[in-house]
Amino acid sequence: MTDAPSRPAVEVRGLTKRFGARTAVDSLGFACAAGEVFGFVGPDGAGKTTIMRLLAAVMPPDAGSIVIEGVDAVREPERVRSHVSYMPQRFGLYEDLTVDENIAFFAELFGIRRNDRDARAARLLAASGMTPFRKRRAGQLSGGMKQKLGLTCSLIHTPKVLLLDEPTAGVDPVSRRDFWRILYGLRGEGVAIVVATSYLDEAERCGRLGLMREGRMLYCDTPSALKALMPGEILAIAAPAPRAARDVVASLEGVGGAILMGDSVHVVVDGAARRLGAIEAALAAANVPFDEIERIAPSIEDLFVSLLTEKAE
Amino acid sequence: MMLRRVRAVAQKEIIQILRDPRSLMVVLLMPLMQMALLGYGVNLDIKHVPACVFDREGSQQSQSLLKAFQASQYFSVVESERTYADVTRAIDAGRCKIAIVVPHDFSETLANANAASVQAILDATDDNTANIALGYAQAVIGAASGNIQLERAQAMGQPPPVVPAVAEYRVWYNEDLVSRNYIMPGVVALVMALVGAQLTSLTISREWERGTMEVLVSTPVTSLELMAGKILPYFVIGLIDAAFCLMIAVFWFQAPFRGSISTLFFTTSLFLVVVLGLGYFISASIKSQVGASQIALVATLLPTTLLSGFAFPIEQMPAPIQWLTYLVPARYYFSILKSIFLKGSGIADLAAPIAALALYAAVVGLLAARAFKKTLG
Ligand SMILES: Nc1ncnc2c1ncn2[C@@H]1O[C@H](COP(=O)(O)OP(=O)(O)O)[C@@H](O)[C@H]1O
Ligand SMILES: [Mg+2]
């Protein structure tokens, strides 16, 4: 196994999955190395869950190859199980079992020795602040705790590849921070993490990102490289009625897209200096009040809107 | 197959069963209720059927035949008629359900032909009662005319004649004529078939519906381990249910039990494996709980009631239907239970149906293990 360090933990080529006439995943290719966090971002229906299911070998692909830790996961799904951990989008643990019972169940299925299990469970539960709830039934945990329990169960057998499908959907900010702290720790231990998310701030935490739309990966790079790809510039319009402001500016010449971001509207323009005057004039003409307009560095959201609208045209 | 994983699945399943007291009550009470319902509902015993008699011979023999009727607890002779018209009136008016007409040459034919014909006229508006009453009447007549012949033969110093075969098939191994003796093993077989398949019918579909299956299939657990771990706890519950049902049959409904507990335990276990496997197979094939439970009900109720020999004797079915009955596991269990209850048969006597059940268990087990695929959608 001399080539082990250079071989990616997950290597995917030409991966395709169809449901009837719909192609949920279309010739996907990517790799995720040990100690890397690879994120899939995209709107609902982009194919993220399907990718995770294919990687977890709980669904056979129609074409393509998945190699995990050197094992062909399409041909020999059972041989990759001990390396992989999968947390589905929907909470997949037993609500009528306690936290400890859930952990013990998965430890037994993976054949973990009792001592190892106890030590590891204690450490993982402490890291996620769950120690006081060990005797509580999983069904009585909050959304964030459920997800952390799911993560704990997923990690009880020290997997080399961790697959997370929207792990922090509906999770409170504190639990979310705990969650990511654990993930960074795992990254440090050399676990390859593939995470699907529709939270764009979460995407920014990934080492590399795959931007998905309708089953196709349109871009794949680091968050900063993707931002550099961004055509044009961003103007943030702070306005008391941002919705009205967006409607006015969206159709102006030179505007690629406009999205609501809290109290302001982010507008993608081909040139900030060139379009600023026209935007101010249009807002004034439409009687839409605004406080200030400034040029800002693009966030992942802006990037997303810009890149995906561009590709659509 | 790793026993450790089987144990983990079984433990998990037991915890889930115990934490859901309502379902636990259902699985323990359902068989009791079904036993009571079927035990009384299907109880074909009828007693003191009002009867009238019309003795056209008036001999000592004919009188002793009618006395036998009077003496039997199945009939109450409410009146004696003098003409056919009286008989018809009595039946039409509902004063009696059955009329026994002894022909004028009764003793003569009994002496010559070794069998006499006695006319039974029935009010068949209640078909079921009529059939049973007729069966009783045949039995009573058969026994009485046998006695008459025996007495005569003894009086004349002849060897005892062959007893007429009229009612023989009904009284065989059920000599006191209580239909319940014959019915109770059938009720137990029916209830166990229903309950057994119901027990496991939800176990896989529940995991699909609650979303727990998606994680489960991503673990190293094999379909065989999953099946074994999931069936095991229900096997224990099934045995408890079976013990309840059998005790109700013996102690409450007073069905005579002549066999051994160990034979009963062994054969019941085998039958349980078959029906639990069947329920599991259905559960693995259908992803919704409601669907699985309903299909399990239909798949056990219909074949078991219609084709196990319980409601309709298999020998009287057309040949193709008879072949079909070989596919119904309750057929074997019913015949096993009947033999154990009424004949006291041991395992050696029951080799054929036991082998059939064992084969069935193997096939169902194989199908069930294969029906479960570790993939979604
Ligand atoms: N089991 C399935 N059967 C049929 N269509 C499916 C199935 N799973 C997903 N799809 C379809 O595939 C597409 C991708 O879905 P999904 O992978 O769930 O996307 P995402 O997770 O990004 O929201 C959607 O159009 C969805 O309707
Ligand atoms: Mg999804």
# chains A, B, ... in the order shown; residues from 1 in each chain; ligands from 1
>>> interface_residues(of="chain B", to="chain A", cutoff="8 Å", atoms="only C-alpha atoms", output="ChimeraX atom specification")
/B:4-5,8-9,12,15-16,19,210-215,217-221,374-377
>>> residues_around(residues="Thr197 (chain A)", least_positions_apart="6", cutoff="8 Å", atoms="only C-alpha atoms", output="VMD selection string")
chain A and resid 39 to 42 48 165 to 167 203
>>> residues_near_ligand(ligand="ligand 1", cutoff="7 Å", atoms="only C-alpha atoms and all ligand atoms", output="NGL selection string")
(:A and (19 or 22-24 or 42-51 or 215)) or (:B and (377))
>>> residues_around(residues="region 264-277 of chain A", least_positions_apart="5", cutoff="12 Å", atoms="only C-alpha atoms", output="VMD selection string")
chain A and resid 230 to 259 282 to 284 289 to 307 309 to 310
>>> closest_residue(among="A:Val67, A:Asp100, A:Pro132, A:Met52", to="ligand 2", atoms="only C-alpha atoms and all ligand atoms")
A:Met52
>>> closest_residue(among="A:Met212, A:Arg205, A:Leu260, A:Arg120", to="ligand 2", atoms="only C-alpha atoms and all ligand atoms")
A:Met212
>>> atom_distance(atom1="CA of Cys96 (chain B)", atom2="CA of Pro50 (chain B)")
4.6 Å
>>> atom_distance(atom1="CA of Val118 (chain B)", atom2="CA of Arg56 (chain B)")
10.6 Å
>>> select_by_dssp(residues="region 261-310 of chain A", states="helix (DSSP H, G or I)", output="PyMOL selection string")
chain A and resi 272-285+300-310
>>> atom_distance(atom1="CA of Gln322 (chain B)", atom2="CA of Val273 (chain B)")
24.0 Å
>>> residues_around(residues="region 246-258 of chain B", least_positions_apart="2", cutoff="8 Å", atoms="only C-alpha atoms", output="compact mmCIF listing (two decimals) with all heavy atoms, in the first residue's frame")
# COMPACT_ATOMS: atom_id res chain seq x y z
N MET B 35 -59.30 -16.48 19.26
CA MET B 35 -59.67 -17.82 19.75
C MET B 35 -61.11 -17.80 20.26
O MET B 35 -61.89 -18.70 19.96
CB MET B 35 -58.75 -18.24 20.90
CG MET B 35 -57.42 -18.81 20.51
SD MET B 35 -57.50 -20.25 19.45
CE MET B 35 -58.15 -21.48 20.56
N GLY B 39 -63.67 -19.67 18.37
CA GLY B 39 -64.04 -20.82 19.19
C GLY B 39 -65.55 -20.90 19.36
O GLY B 39 -66.14 -21.95 19.22
N ARG B 180 -66.56 -29.74 18.34
CA ARG B 180 -65.53 -28.86 18.88
C ARG B 180 -64.17 -29.57 18.94
O ARG B 180 -63.14 -28.97 18.72
CB ARG B 180 -66.02 -28.46 20.26
CG ARG B 180 -65.08 -27.83 21.17
CD ARG B 180 -65.87 -27.02 22.17
NE ARG B 180 -66.54 -27.85 23.17
CZ ARG B 180 -67.62 -27.44 23.83
NH1 ARG B 180 -68.18 -26.30 23.53
NH2 ARG B 180 -68.15 -28.19 24.74
N ASN B 181 -64.21 -30.85 19.24
CA ASN B 181 -62.95 -31.60 19.31
C ASN B 181 -62.21 -31.51 17.99
O ASN B 181 -60.99 -31.50 17.94
CB ASN B 181 -63.24 -33.07 19.60
CG ASN B 181 -63.88 -33.24 20.95
OD1 ASN B 181 -64.01 -32.25 21.68
ND2 ASN B 181 -64.28 -34.44 21.28
N MET B 184 -61.51 -27.38 17.19
CA MET B 184 -60.52 -26.59 17.93
C MET B 184 -59.11 -26.65 17.35
O MET B 184 -58.46 -25.61 17.23
CB MET B 184 -60.50 -26.98 19.42
CG MET B 184 -61.62 -26.36 20.25
SD MET B 184 -62.26 -24.79 19.69
CE MET B 184 -61.06 -23.68 20.36
N PRO B 185 -58.61 -27.82 16.95
CA PRO B 185 -57.28 -27.80 16.32
C PRO B 185 -57.27 -26.90 15.09
O PRO B 185 -56.29 -26.21 14.84
CB PRO B 185 -57.05 -29.26 15.93
CG PRO B 185 -57.91 -30.04 16.85
CD PRO B 185 -59.12 -29.19 17.12
N VAL B 188 -57.10 -23.27 16.23
CA VAL B 188 -55.74 -22.92 16.66
C VAL B 188 -54.84 -22.72 15.44
O VAL B 188 -54.08 -21.74 15.36
CB VAL B 188 -55.16 -24.03 17.58
CG1 VAL B 188 -53.69 -23.75 17.87
CG2 VAL B 188 -55.94 -24.11 18.88
N ALA B 242 -49.05 -19.17 20.95
CA ALA B 242 -49.48 -20.55 20.68
C ALA B 242 -49.87 -21.23 21.98
O ALA B 242 -50.87 -21.95 22.05
CB ALA B 242 -48.37 -21.33 19.97
N ALA B 243 -49.07 -21.00 23.03
CA ALA B 243 -49.39 -21.61 24.32
C ALA B 243 -50.75 -21.13 24.81
O ALA B 243 -51.58 -21.94 25.25
CB ALA B 243 -48.30 -21.27 25.34
N PHE B 244 -51.00 -19.82 24.67
CA PHE B 244 -52.31 -19.28 25.04
C PHE B 244 -53.43 -20.00 24.28
O PHE B 244 -54.40 -20.47 24.86
CB PHE B 244 -52.40 -17.78 24.70
CG PHE B 244 -51.73 -16.89 25.71
CD1 PHE B 244 -51.41 -15.58 25.38
CD2 PHE B 244 -51.44 -17.34 26.99
CE1 PHE B 244 -50.79 -14.74 26.30
CE2 PHE B 244 -50.84 -16.51 27.92
CZ PHE B 244 -50.51 -15.21 27.57
N SER B 260 -48.49 -35.49 23.13
CA SER B 260 -47.47 -35.03 24.08
C SER B 260 -47.15 -33.57 23.83
O SER B 260 -47.24 -33.08 22.70
CB SER B 260 -46.20 -35.87 23.94
OG SER B 260 -45.50 -35.47 22.79
N ILE B 340 -52.42 -34.94 16.78
CA ILE B 340 -51.89 -34.88 18.15
C ILE B 340 -53.04 -34.81 19.16
O ILE B 340 -53.06 -35.54 20.14
CB ILE B 340 -50.97 -33.65 18.34
CG1 ILE B 340 -49.76 -33.74 17.42
CG2 ILE B 340 -50.52 -33.55 19.79
CD1 ILE B 340 -48.82 -32.56 17.51
N PHE B 341 -54.01 -33.97 18.87
CA PHE B 341 -55.12 -33.79 19.80
C PHE B 341 -55.95 -35.06 19.93
O PHE B 341 -56.20 -35.54 21.02
CB PHE B 341 -56.04 -32.65 19.32
CG PHE B 341 -55.74 -31.33 19.93
CD1 PHE B 341 -54.60 -30.65 19.56
CD2 PHE B 341 -56.58 -30.76 20.87
CE1 PHE B 341 -54.30 -29.41 20.12
CE2 PHE B 341 -56.29 -29.53 21.44
CZ PHE B 341 -55.15 -28.86 21.07
N LEU B 342 -56.39 -35.58 18.79
CA LEU B 342 -57.40 -36.64 18.85
C LEU B 342 -56.81 -38.04 18.88
O LEU B 342 -57.40 -38.95 19.41
CB LEU B 342 -58.37 -36.50 17.68
CG LEU B 342 -59.11 -35.15 17.64
CD1 LEU B 342 -59.98 -35.05 16.42
CD2 LEU B 342 -59.93 -34.94 18.91
N LYS B 343 -55.62 -38.23 18.25
CA LYS B 343 -55.05 -39.56 18.20
C LYS B 343 -53.85 -39.72 19.10
O LYS B 343 -53.35 -40.82 19.29
CB LYS B 343 -54.60 -39.88 16.76
CG LYS B 343 -55.75 -40.21 15.83
CD LYS B 343 -55.22 -40.88 14.57
CE LYS B 343 -54.89 -39.87 13.50
NZ LYS B 343 -54.41 -40.52 12.26
N GLY B 344 -53.32 -38.60 19.59
CA GLY B 344 -52.12 -38.68 20.41
C GLY B 344 -50.89 -39.04 19.60
O GLY B 344 -49.96 -39.68 20.12
>>> residues_around(residues="region 6-15 of chain A", least_positions_apart="6", cutoff="6 Å", atoms="only C-alpha atoms", output="list in words")
Ser27, Leu28, Gly29, Phe30, Ala31, Cys32, Ala33, Ala34, Ala63, Gly64, Ser65, Ile66, Val67, Ile68 and Glu69 of chain A
>>> write_last_selection(atoms="all heavy atoms", output="mmCIF file, in the first residue's frame")
data_model
loop_
_atom_site.group_PDB
_atom_site.id
_atom_site.type_symbol
_atom_site.label_atom_id
_atom_site.label_comp_id
_atom_site.auth_asym_id
_atom_site.auth_seq_id
_atom_site.Cartn_x
_atom_site.Cartn_y
_atom_site.Cartn_z
ATOM 1 N N SER A 27 -23.195 11.949 -15.367
ATOM 2 C CA SER A 27 -21.744 11.809 -15.591
ATOM 3 C C SER A 27 -20.910 12.614 -14.598
ATOM 4 O O SER A 27 -20.102 13.446 -14.987
ATOM 5 C CB SER A 27 -21.348 12.268 -16.998
ATOM 6 O OG SER A 27 -22.372 12.040 -17.898
ATOM 7 N N LEU A 28 -21.103 12.322 -13.338
ATOM 8 C CA LEU A 28 -20.376 13.050 -12.300
ATOM 9 C C LEU A 28 -18.970 12.481 -12.135
ATOM 10 O O LEU A 28 -18.788 11.258 -12.086
ATOM 11 C CB LEU A 28 -21.136 12.934 -10.976
ATOM 12 C CG LEU A 28 -20.461 13.547 -9.747
ATOM 13 C CD1 LEU A 28 -20.555 15.062 -9.800
ATOM 14 C CD2 LEU A 28 -21.100 13.025 -8.463
ATOM 15 N N GLY A 29 -17.993 13.350 -12.053
ATOM 16 C CA GLY A 29 -16.631 12.925 -11.752
ATOM 17 C C GLY A 29 -16.021 13.836 -10.711
ATOM 18 O O GLY A 29 -16.124 15.059 -10.815
ATOM 19 N N PHE A 30 -15.454 13.268 -9.648
ATOM 20 C CA PHE A 30 -14.736 14.079 -8.654
ATOM 21 C C PHE A 30 -13.926 13.138 -7.777
ATOM 22 O O PHE A 30 -14.090 11.916 -7.836
ATOM 23 C CB PHE A 30 -15.693 14.930 -7.804
ATOM 24 C CG PHE A 30 -16.368 14.164 -6.693
ATOM 25 C CD1 PHE A 30 -15.896 14.255 -5.384
ATOM 26 C CD2 PHE A 30 -17.454 13.351 -6.948
ATOM 27 C CE1 PHE A 30 -16.508 13.539 -4.357
ATOM 28 C CE2 PHE A 30 -18.066 12.641 -5.931
ATOM 29 C CZ PHE A 30 -17.596 12.737 -4.636
ATOM 30 N N ALA A 31 -13.059 13.722 -6.982
ATOM 31 C CA ALA A 31 -12.286 12.917 -6.037
ATOM 32 C C ALA A 31 -12.222 13.671 -4.721
ATOM 33 O O ALA A 31 -12.273 14.902 -4.696
ATOM 34 C CB ALA A 31 -10.887 12.657 -6.568
ATOM 35 N N CYS A 32 -12.137 12.914 -3.635
ATOM 36 C CA CYS A 32 -12.004 13.540 -2.322
ATOM 37 C C CYS A 32 -10.879 12.824 -1.592
ATOM 38 O O CYS A 32 -10.903 11.591 -1.445
ATOM 39 C CB CYS A 32 -13.325 13.434 -1.552
ATOM 40 S SG CYS A 32 -13.252 14.170 0.100
ATOM 41 N N ALA A 33 -9.882 13.585 -1.182
ATOM 42 C CA ALA A 33 -8.715 12.985 -0.541
ATOM 43 C C ALA A 33 -8.954 12.820 0.948
ATOM 44 O O ALA A 33 -9.865 13.428 1.521
ATOM 45 C CB ALA A 33 -7.495 13.872 -0.781
ATOM 46 N N ALA A 34 -8.124 12.003 1.569
ATOM 47 C CA ALA A 34 -8.167 11.880 3.024
ATOM 48 C C ALA A 34 -7.893 13.256 3.620
ATOM 49 O O ALA A 34 -7.022 13.989 3.150
ATOM 50 C CB ALA A 34 -7.128 10.872 3.482
ATOM 51 N N ALA A 63 -24.523 4.026 -14.478
ATOM 52 C CA ALA A 63 -23.227 3.985 -15.163
ATOM 53 C C ALA A 63 -22.201 4.652 -14.272
ATOM 54 O O ALA A 63 -22.541 5.390 -13.348
ATOM 55 C CB ALA A 63 -23.317 4.711 -16.510
ATOM 56 N N GLY A 64 -20.944 4.391 -14.568
ATOM 57 C CA GLY A 64 -19.870 5.058 -13.852
ATOM 58 C C GLY A 64 -19.245 4.201 -12.774
ATOM 59 O O GLY A 64 -19.719 3.098 -12.481
ATOM 60 N N SER A 65 -18.176 4.732 -12.200
ATOM 61 C CA SER A 65 -17.452 3.959 -11.189
ATOM 62 C C SER A 65 -17.270 4.784 -9.922
ATOM 63 O O SER A 65 -17.184 6.010 -9.960
ATOM 64 C CB SER A 65 -16.087 3.533 -11.734
ATOM 65 O OG SER A 65 -15.228 4.657 -11.785
ATOM 66 N N ILE A 66 -17.283 4.066 -8.800
ATOM 67 C CA ILE A 66 -16.986 4.686 -7.502
ATOM 68 C C ILE A 66 -15.909 3.817 -6.861
ATOM 69 O O ILE A 66 -16.127 2.619 -6.661
ATOM 70 C CB ILE A 66 -18.211 4.686 -6.579
ATOM 71 C CG1 ILE A 66 -19.394 5.393 -7.238
ATOM 72 C CG2 ILE A 66 -17.875 5.337 -5.242
ATOM 73 C CD1 ILE A 66 -20.708 5.176 -6.511
ATOM 74 N N VAL A 67 -14.748 4.402 -6.577
ATOM 75 C CA VAL A 67 -13.710 3.640 -5.888
ATOM 76 C C VAL A 67 -13.479 4.297 -4.530
ATOM 77 O O VAL A 67 -13.187 5.488 -4.443
ATOM 78 C CB VAL A 67 -12.408 3.592 -6.711
ATOM 79 C CG1 VAL A 67 -11.321 2.853 -5.942
ATOM 80 C CG2 VAL A 67 -12.667 2.909 -8.049
ATOM 81 N N ILE A 68 -13.697 3.498 -3.470
ATOM 82 C CA ILE A 68 -13.525 4.017 -2.112
ATOM 83 C C ILE A 68 -12.432 3.220 -1.419
ATOM 84 O O ILE A 68 -12.513 1.988 -1.337
ATOM 85 C CB ILE A 68 -14.848 3.931 -1.336
ATOM 86 C CG1 ILE A 68 -15.833 4.960 -1.920
ATOM 87 C CG2 ILE A 68 -14.627 4.207 0.148
ATOM 88 C CD1 ILE A 68 -17.191 4.952 -1.299
ATOM 89 N N GLU A 69 -11.405 3.900 -0.974
ATOM 90 C CA GLU A 69 -10.272 3.239 -0.335
ATOM 91 C C GLU A 69 -9.771 2.081 -1.200
ATOM 92 O O GLU A 69 -9.456 1.004 -0.706
ATOM 93 C CB GLU A 69 -10.660 2.739 1.064
ATOM 94 C CG GLU A 69 -10.921 3.861 2.060
ATOM 95 C CD GLU A 69 -9.656 4.648 2.428
ATOM 96 O OE1 GLU A 69 -8.593 4.023 2.541
ATOM 97 O OE2 GLU A 69 -9.738 5.886 2.547
#
>>> select_by_dssp(residues="region 174-304 of chain A", states="strand (DSSP E or B)", output="PyMOL selection string")
chain A and resi 192-197+208-213+216-221+233-238+255-261+264-269+292-296
>>> closest_residue(among="A:Leu164, A:Met217, A:Leu200, A:Ala121", to="ligand 2", atoms="only C-alpha atoms and all ligand atoms")
A:Leu164
>>> residues_around(residues="Thr267 (chain B)", least_positions_apart="5", cutoff="9 Å", atoms="only C-alpha atoms", output="PyMOL selection string")
chain B and resi 262+272+333+336-337+347+354+357
>>> residues_around(residues="region 225-241 of chain B", least_positions_apart="5", cutoff="6 Å", atoms="only C-alpha atoms", output="PyMOL selection string")
chain B and resi 1+6+9-10
>>> write_last_selection(atoms="C-alpha atoms", output="compact mmCIF listing (two decimals), in the first residue's frame")
# COMPACT_ATOMS: atom_id res chain seq x y z
CA MET B 1 -23.52 -14.81 9.24
CA VAL B 6 -28.02 -11.14 14.75
CA VAL B 9 -30.74 -6.74 15.69
CA ALA B 10 -32.75 -9.03 17.98
